[in-house]
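Undergrad: Can you keep this structure in mind? I'll have questions shortly.
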Amino acid sequence: MQPSPNHAPWQIAAVPTSGRVAAAALALLAVDSIFAWSMTSMIESAALTIIPAVVAIRVIRGFPRSREIAAATLAAGVAVGLAALFRVGVGAGRTSGAIVVAIVLAASGLLTLTWSWVLDRRSGHPVITMPRWPSAPVAVRSPSRYRSHRRYR
């Protein structure tokens with residue numbers, strides 16, 4: 001009997017809690033970017049919406065290395081949000097509110113991923129490795145006293 005997988009059929013692999021939090025933060029960041037469209041161009045607003053949405057889908061599906069990509073996207077979100085907040089100013093109304101929400105979402109997702117990475121590194125179990133090939137030279141077989149080529153009459 002086959003063991004049952006611990007992830008949904010539409011997922012590639014199981015997603016830890018930190019991955020779910022990062023996916024939720026990225027999805028909410030994509031939704032929040034709609035409120036910042038008034039201060040960006042059409043290409044920037046499409047990128048601010050599509051990139052976090054695609055990365056959130058990759059994280060929730062459990063693709064390999066998706067949490068690292070999510071951390072990079074969230075770090076970029078924090079950096080872009082802080083730069084936009086300084087450019088617009090705090091008293092800009094709805095746009096500055098959307099930027100503050102984006103910074104908080106990206107920072108919370110990034111902190112969650114960082115915390116899970118620290119816990120994974122601390123609780124890592126020691127691994128015993130064996131080299132594939134012996135490090136000591138192996139004795140070469142001595143030549144046989146019997147001839148290897150036979151002659152037939």
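To be explicit about the labels: the chains of the structure tokens are called A, B, and onward in the order shown, and within each one the residues are counted from 1, while ligands get numbers from 1 in the order they are shown.
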Would you kindly return, as a list in words, each protein, DNA or RNA residue with an atom no farther than 10 Å from any atom of Ala8 of chain A, considering only C-alpha atoms and excluding same-chain residues fewer than 6 positions away?
TA: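 Result of the neighbour search: Ala14, Val15 and Arg61 of chain A.
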Undergrad: Which of these, A:Val118, A:Val55, A:Ala75, A:Ala107, has the shortest distance to Leu26 of chain A once you count only C-alpha atoms?
TA: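 Closest to Leu26 of chain A, using only C-alpha atoms: A:Val55.
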Undergrad: Can you tell me how far atom CA of Leu105 of chain A sits from atom CA of Gly62 of chain A, in Å to one decimal?
TA: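 Rounded to one decimal, the two atoms are 20.7 Å apart.
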Undergrad: With only C-alpha atoms as the counted atoms, please give the residues lying no more than 12 Å from Ala71 of chain A, apart from itself and same-chain residues fewer than 2 positions off, as a ChimeraX atom specification.
TA: /A:18-19,21-23,25-26,52,55-56,59,65-69,73-78,106-117
Undergrad: So the first atom is atom CA of Val104 of chain A and the second is atom CA of Ala79 of chain A; what is the distance between them in Å, to one decimal place?
TA: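 About the pair atom CA of Val104 of chain A and atom CA of Ala79 of chain A: they are 11.5 Å apart.
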Undergrad: Go through A:Ile60, A:Ala13, A:Ile51, A:Leu82 and flag the residue nearest Val31 of chain A, using only C-alpha atoms for the distances.
TA: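 Smallest distance to Val31 of chain A is found for A:Ile51.
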Undergrad: Could you check which of A:Ala36, A:Phe63, A:Ala70, A:Glu44 is closest to Ser96 of chain A, using only C-alpha atoms?
TA: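 Among the listed residues, A:Ala36 lies closest to Ser96 of chain A.
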Undergrad: Segment 23-143 of chain A: which residues are helix (DSSP H, G or I) by DSSP, as an MDAnalysis selection string?
TA: chainID A and resid 23:39 42:61 66:88 94:122
Undergrad: Please measure the separation of atom CA of Pro9 of chain A and atom CA of Thr49 of chain A, giving the value in Å to one decimal.
TA: 27.0 Å
Undergrad: Could you check the closest approach to Ile50 of chain A for each of A:Gln11, A:Ser38, A:Phe86, A:Ala27 and tell me which residue wins, using only C-alpha atoms?
TA: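 Ranking A:Gln11, A:Ser38, A:Phe86, A:Ala27 by distance to Ile50 of chain A, first place goes to A:Ala27.
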